[in-house]
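> Structure provided below as structure tokens; questions to follow.
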Amino acid sequence: ADLGMSPRSLEQQRAISRIFDVVDQDGAGRYSLEAFEVVFMRVDEMAQRCRRQEECDMAVVLDISKVDVEEYRDSFHTFDDDDSGALSVEEVRRLVDVLHLNVSGDLLNDMVGQVDLDGSGTVQFHEFLQLMCLVAKRLRPSAPPAPRSLSAES
């Protein structure tokens with residue numbers, strides 16, 4: 001399973017190496033369970049920072065404000081029923097329906113296919129931002145749909 005923690009650049013690889021070096025206090029290259037937990041937490045924090053930066057960069061390209069990104073993130077997590085970090089097409093369908101966006105099943109599947117660049121069949125958050133912009137262009141050519149506070153029960 002991909003935990004989203006794979007280093008994507010030489011800089012990230014070096015940062016992970018430094019984390020291991022700091023935790024390996026005696027230089028033996030062996031790690032206790034506690035030390036490994038520290039490494040895992042620090043690498044996870046680094047990966048989260050990288051993902052957030054990528055999301056911010058994507059938002060700039062898509063002309064989405066930081067406030068809207070946070071509201072989209074809240075909506076995304078509300079509908080991520082299995083806490084997988086990705087939305088299935090069914091979860092996206094429910095979200096679109098709650099937003100009262102008139103998007104047919106075929107059109108939604110087509111748009112999901114356009115943004116699902118990794119071919120996972122699910123929509124990760126950065127893909128979700130792209131999807132919301134596609135939906136906006138189809139429904140309102142001038143602006144992305146304004147995020148709303150949502151609840152899964154709506």
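Identifiers in the structure tokens: chain A, B, ... in order shown; residue index from 1 per chain; ligand index from 1 in order shown.
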Using only C-alpha atoms, determine which residues lie at most 12 Å from His77 in chain A, disregarding the query and same-chain residues fewer than 5 positions distant; provide the list as a list in words.
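These residues fall inside the cut-off: Glu70, Glu71, Tyr72, Asp82, Asp83, Ser84, Gly85, Ala86, Leu87, Glu91, Val92, Leu95, Val123, Gln124, Phe125, Phe128, Ser149, Leu150, Ser151 and Ala152 of chain A.
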> Those residues you just picked out, can you put them in a file as a short mmCIF file (atom, residue, chain, number, x, y, z; two decimals), in the first residue's frame with all heavy atoms?

```
data_model
loop_
_atom_site.label_atom_id
_atom_site.label_comp_id
_atom_site.auth_asym_id
_atom_site.auth_seq_id
_atom_site.Cartn_x
_atom_site.Cartn_y
_atom_site.Cartn_z
N GLU A 70 -9.16 25.28 2.13
CA GLU A 70 -9.47 24.69 3.44
C GLU A 70 -10.92 24.21 3.50
O GLU A 70 -11.20 23.16 4.06
CB GLU A 70 -9.16 25.68 4.57
CG GLU A 70 -7.68 25.92 4.77
CD GLU A 70 -6.87 24.65 4.98
OE1 GLU A 70 -7.31 23.75 5.74
OE2 GLU A 70 -5.80 24.53 4.37
N GLU A 71 -11.83 24.98 2.91
CA GLU A 71 -13.23 24.55 2.91
C GLU A 71 -13.42 23.31 2.03
O GLU A 71 -14.16 22.40 2.38
CB GLU A 71 -14.13 25.70 2.47
CG GLU A 71 -14.20 26.79 3.53
CD GLU A 71 -15.14 27.92 3.17
OE1 GLU A 71 -16.02 27.73 2.31
OE2 GLU A 71 -14.99 29.00 3.76
N TYR A 72 -12.73 23.29 0.89
CA TYR A 72 -12.77 22.09 0.05
C TYR A 72 -12.19 20.89 0.80
O TYR A 72 -12.71 19.79 0.72
CB TYR A 72 -11.97 22.29 -1.24
CG TYR A 72 -12.70 23.07 -2.32
CD1 TYR A 72 -12.04 24.05 -3.05
CD2 TYR A 72 -14.03 22.81 -2.63
CE1 TYR A 72 -12.69 24.75 -4.06
CE2 TYR A 72 -14.68 23.50 -3.64
CZ TYR A 72 -14.00 24.47 -4.35
OH TYR A 72 -14.64 25.15 -5.35
N ASP A 82 -14.23 6.18 4.27
CA ASP A 82 -13.32 5.14 4.75
C ASP A 82 -11.97 5.70 5.20
O ASP A 82 -11.05 4.94 5.50
CB ASP A 82 -13.12 4.06 3.69
CG ASP A 82 -12.59 4.60 2.37
OD1 ASP A 82 -12.34 5.83 2.28
OD2 ASP A 82 -12.43 3.81 1.42
N ASP A 83 -11.85 7.03 5.26
CA ASP A 83 -10.61 7.69 5.68
C ASP A 83 -9.40 7.21 4.89
O ASP A 83 -8.30 7.10 5.42
CB ASP A 83 -10.36 7.50 7.18
CG ASP A 83 -11.38 8.24 8.03
OD1 ASP A 83 -11.77 9.36 7.64
OD2 ASP A 83 -11.78 7.71 9.08
N SER A 84 -9.60 6.97 3.61
CA SER A 84 -8.52 6.49 2.76
C SER A 84 -7.65 7.61 2.22
O SER A 84 -6.58 7.35 1.67
CB SER A 84 -9.10 5.69 1.59
OG SER A 84 -9.87 6.56 0.76
N GLY A 85 -8.11 8.86 2.34
CA GLY A 85 -7.37 9.97 1.74
C GLY A 85 -7.72 10.16 0.28
O GLY A 85 -7.10 10.95 -0.42
N ALA A 86 -8.71 9.43 -0.17
CA ALA A 86 -9.18 9.53 -1.56
C ALA A 86 -10.68 9.29 -1.58
O ALA A 86 -11.21 8.58 -0.74
CB ALA A 86 -8.46 8.52 -2.44
N LEU A 87 -11.34 9.90 -2.55
CA LEU A 87 -12.78 9.70 -2.70
C LEU A 87 -13.04 8.73 -3.85
O LEU A 87 -12.46 8.87 -4.93
CB LEU A 87 -13.48 11.03 -3.02
CG LEU A 87 -13.40 12.13 -1.96
CD1 LEU A 87 -14.13 13.38 -2.45
CD2 LEU A 87 -13.95 11.67 -0.63
N GLU A 91 -18.43 8.39 -3.61
CA GLU A 91 -18.31 9.47 -2.62
C GLU A 91 -18.35 10.83 -3.31
O GLU A 91 -18.98 11.78 -2.81
CB GLU A 91 -17.03 9.29 -1.81
CG GLU A 91 -17.08 8.10 -0.87
CD GLU A 91 -15.72 7.72 -0.30
OE1 GLU A 91 -14.66 7.93 -0.96
OE2 GLU A 91 -15.70 7.18 0.83
N VAL A 92 -17.70 10.94 -4.48
CA VAL A 92 -17.75 12.20 -5.24
C VAL A 92 -19.18 12.47 -5.67
O VAL A 92 -19.66 13.61 -5.59
CB VAL A 92 -16.81 12.14 -6.47
CG1 VAL A 92 -17.01 13.36 -7.36
CG2 VAL A 92 -15.35 12.02 -6.05
N LEU A 95 -21.12 13.91 -2.82
CA LEU A 95 -20.70 15.29 -2.55
C LEU A 95 -21.31 16.24 -3.58
O LEU A 95 -21.85 17.29 -3.23
CB LEU A 95 -19.17 15.38 -2.58
CG LEU A 95 -18.57 16.67 -2.07
CD1 LEU A 95 -17.21 16.38 -1.46
CD2 LEU A 95 -18.42 17.70 -3.15
N VAL A 123 -10.22 9.74 -6.31
CA VAL A 123 -9.82 11.14 -6.42
C VAL A 123 -9.13 11.56 -5.13
O VAL A 123 -9.75 11.59 -4.06
CB VAL A 123 -11.07 12.03 -6.68
CG1 VAL A 123 -10.68 13.50 -6.73
CG2 VAL A 123 -11.78 11.61 -7.96
N GLN A 124 -7.85 11.84 -5.24
CA GLN A 124 -7.11 12.38 -4.10
C GLN A 124 -7.39 13.87 -4.02
O GLN A 124 -7.95 14.46 -4.94
CB GLN A 124 -5.62 12.09 -4.26
CG GLN A 124 -5.33 10.61 -4.28
CD GLN A 124 -3.89 10.31 -4.64
OE1 GLN A 124 -3.11 11.19 -5.00
NE2 GLN A 124 -3.53 9.04 -4.58
N PHE A 125 -6.98 14.51 -2.91
CA PHE A 125 -7.39 15.88 -2.69
C PHE A 125 -6.92 16.82 -3.80
O PHE A 125 -7.69 17.66 -4.27
CB PHE A 125 -6.93 16.39 -1.32
CG PHE A 125 -7.41 17.80 -1.06
CD1 PHE A 125 -8.75 18.05 -0.85
CD2 PHE A 125 -6.53 18.86 -1.06
CE1 PHE A 125 -9.23 19.33 -0.64
CE2 PHE A 125 -6.98 20.15 -0.85
CZ PHE A 125 -8.34 20.38 -0.64
N PHE A 128 -9.12 16.40 -6.52
CA PHE A 128 -10.43 16.94 -6.18
C PHE A 128 -10.48 18.45 -6.49
O PHE A 128 -11.49 18.95 -6.99
CB PHE A 128 -10.73 16.68 -4.70
CG PHE A 128 -12.02 17.25 -4.21
CD1 PHE A 128 -13.24 16.71 -4.62
CD2 PHE A 128 -12.04 18.31 -3.33
CE1 PHE A 128 -14.44 17.22 -4.16
CE2 PHE A 128 -13.23 18.83 -2.86
CZ PHE A 128 -14.43 18.29 -3.27
N SER A 149 -19.89 24.70 3.73
CA SER A 149 -19.77 23.77 4.84
C SER A 149 -20.75 22.65 4.61
O SER A 149 -21.92 22.89 4.34
CB SER A 149 -20.06 24.46 6.17
OG SER A 149 -19.12 25.46 6.40
N LEU A 150 -20.26 21.43 4.68
CA LEU A 150 -21.10 20.28 4.37
C LEU A 150 -21.11 19.31 5.52
O LEU A 150 -20.18 19.25 6.29
CB LEU A 150 -20.54 19.54 3.15
CG LEU A 150 -20.44 20.34 1.86
CD1 LEU A 150 -19.77 19.48 0.81
CD2 LEU A 150 -21.81 20.74 1.38
N SER A 151 -22.14 18.54 5.57
CA SER A 151 -22.14 17.39 6.47
C SER A 151 -22.56 16.18 5.65
O SER A 151 -23.31 16.31 4.70
CB SER A 151 -23.09 17.61 7.64
OG SER A 151 -24.42 17.60 7.19
N ALA A 152 -22.04 15.04 6.01
CA ALA A 152 -22.33 13.83 5.25
C ALA A 152 -23.81 13.47 5.31
O ALA A 152 -24.32 12.76 4.48
CB ALA A 152 -21.49 12.66 5.78
#
```
> According to DSSP computed on the backbone, where in range 96-129 of chain A is there alpha helix (DSSP H)? Give the residues as a PyMOL selection string.
chain A and resi 96-98+105-115+125-129
> With C-alpha atoms retained, export the selected residues as a PDB file, in the first residue's frame.

```pdb
ATOM      1  CA  VAL A  96     -21.811  16.697  -5.927  1.00  0.00           C
ATOM      2  CA  ASP A  97     -25.420  15.850  -5.079  1.00  0.00           C
ATOM      3  CA  VAL A  98     -25.219  17.570  -1.673  1.00  0.00           C
ATOM      4  CA  GLY A 105     -23.263  10.295 -14.043  1.00  0.00           C
ATOM      5  CA  ASP A 106     -21.531  10.029 -17.422  1.00  0.00           C
ATOM      6  CA  LEU A 107     -20.175  13.564 -17.213  1.00  0.00           C
ATOM      7  CA  LEU A 108     -18.964  13.033 -13.643  1.00  0.00           C
ATOM      8  CA  ASN A 109     -17.233   9.789 -14.627  1.00  0.00           C
ATOM      9  CA  ASP A 110     -15.614  11.594 -17.564  1.00  0.00           C
ATOM     10  CA  MET A 111     -14.387  14.439 -15.353  1.00  0.00           C
ATOM     11  CA  VAL A 112     -13.075  12.021 -12.710  1.00  0.00           C
ATOM     12  CA  GLY A 113     -11.187  10.247 -15.498  1.00  0.00           C
ATOM     13  CA  GLN A 114      -9.667  13.567 -16.561  1.00  0.00           C
ATOM     14  CA  VAL A 115      -8.322  14.397 -13.105  1.00  0.00           C
ATOM     15  CA  PHE A 125      -7.387  15.884  -2.689  1.00  0.00           C
ATOM     16  CA  HIS A 126      -5.204  17.601  -5.283  1.00  0.00           C
ATOM     17  CA  GLU A 127      -7.264  15.856  -7.983  1.00  0.00           C
ATOM     18  CA  PHE A 128     -10.429  16.945  -6.177  1.00  0.00           C
ATOM     19  CA  LEU A 129      -9.355  20.585  -6.522  1.00  0.00           C
TER      20      LEU A 129
END
```
> For CA of Val89 in chain A and CA of Gly121 in chain A, determine how far apart the two atoms are, in Å to one decimal place.
7.6 Å
> Dump as a Markdown table the rows for residues of range 37-128 of chain A within 8 Å of range 9-33 of chain A: closest atom pair and distance in Å with one decimal, only C-alpha atoms counted, ordered by chain and rising residue number.

```
| residue | atom | partner | partner_atom | distance |
| --- | --- | --- | --- | --- |
| A:Glu37 | CA | A:Leu33 | CA | 6.1 |
| A:Val38 | CA | A:Val23 | CA | 7.5 |
| A:Val39 | CA | A:Ile19 | CA | 6.3 |
| A:Arg42 | CA | A:Ile19 | CA | 7.2 |
| A:Val43 | CA | A:Ile16 | CA | 6.4 |
```
> Given the selection you just returned, output its residues as a file containing N, CA and C atoms, formatted as a compact mmCIF listing (two decimals), in the first residue's frame.

```
# COMPACT_ATOMS: atom_id res chain seq x y z
N GLU A 37 9.66 4.57 15.38
CA GLU A 37 8.42 5.35 15.52
C GLU A 37 8.71 6.83 15.34
N VAL A 38 9.83 7.29 15.91
CA VAL A 38 10.22 8.70 15.77
C VAL A 38 10.49 9.01 14.30
N VAL A 39 11.24 8.13 13.63
CA VAL A 39 11.54 8.33 12.22
C VAL A 39 10.23 8.38 11.42
N ARG A 42 8.36 11.67 11.96
CA ARG A 42 9.02 12.81 11.32
C ARG A 42 8.89 12.75 9.80
N VAL A 43 9.01 11.56 9.22
CA VAL A 43 8.84 11.42 7.77
C VAL A 43 7.39 11.72 7.39
```
> Enumerate the residues of chain A with a DSSP assignment of strand (DSSP E or B), computed from the backbone, and present them as a VMD selection string.
chain A and resid 86 to 87 123 to 124
> For CA of Cys56 in chain A and CA of Arg73 in chain A, determine how far apart the two atoms are, in Å to one decimal place.
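Separation between CA of Cys56 in chain A and CA of Arg73 in chain A: 11.7 Å.
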> Please report the interatomic distance between CA of Arg49 in chain A and CA of Asp81 in chain A in Å with one decimal.
23.4 Å
> Would you list the contacts of Val69 in chain A as JSON, numbers by chain, taking every protein, DNA or RNA residue within 12 Å and counting only C-alpha atoms, but skipping same-chain residues closer than 2 positions in sequence?
{"A": [52, 53, 54, 55, 56, 57, 58, 59, 60, 62, 63, 64, 65, 66, 67, 71, 72, 73, 74, 75, 76, 125, 126, 128, 129, 130, 132, 133, 144, 145, 146, 147, 148]}
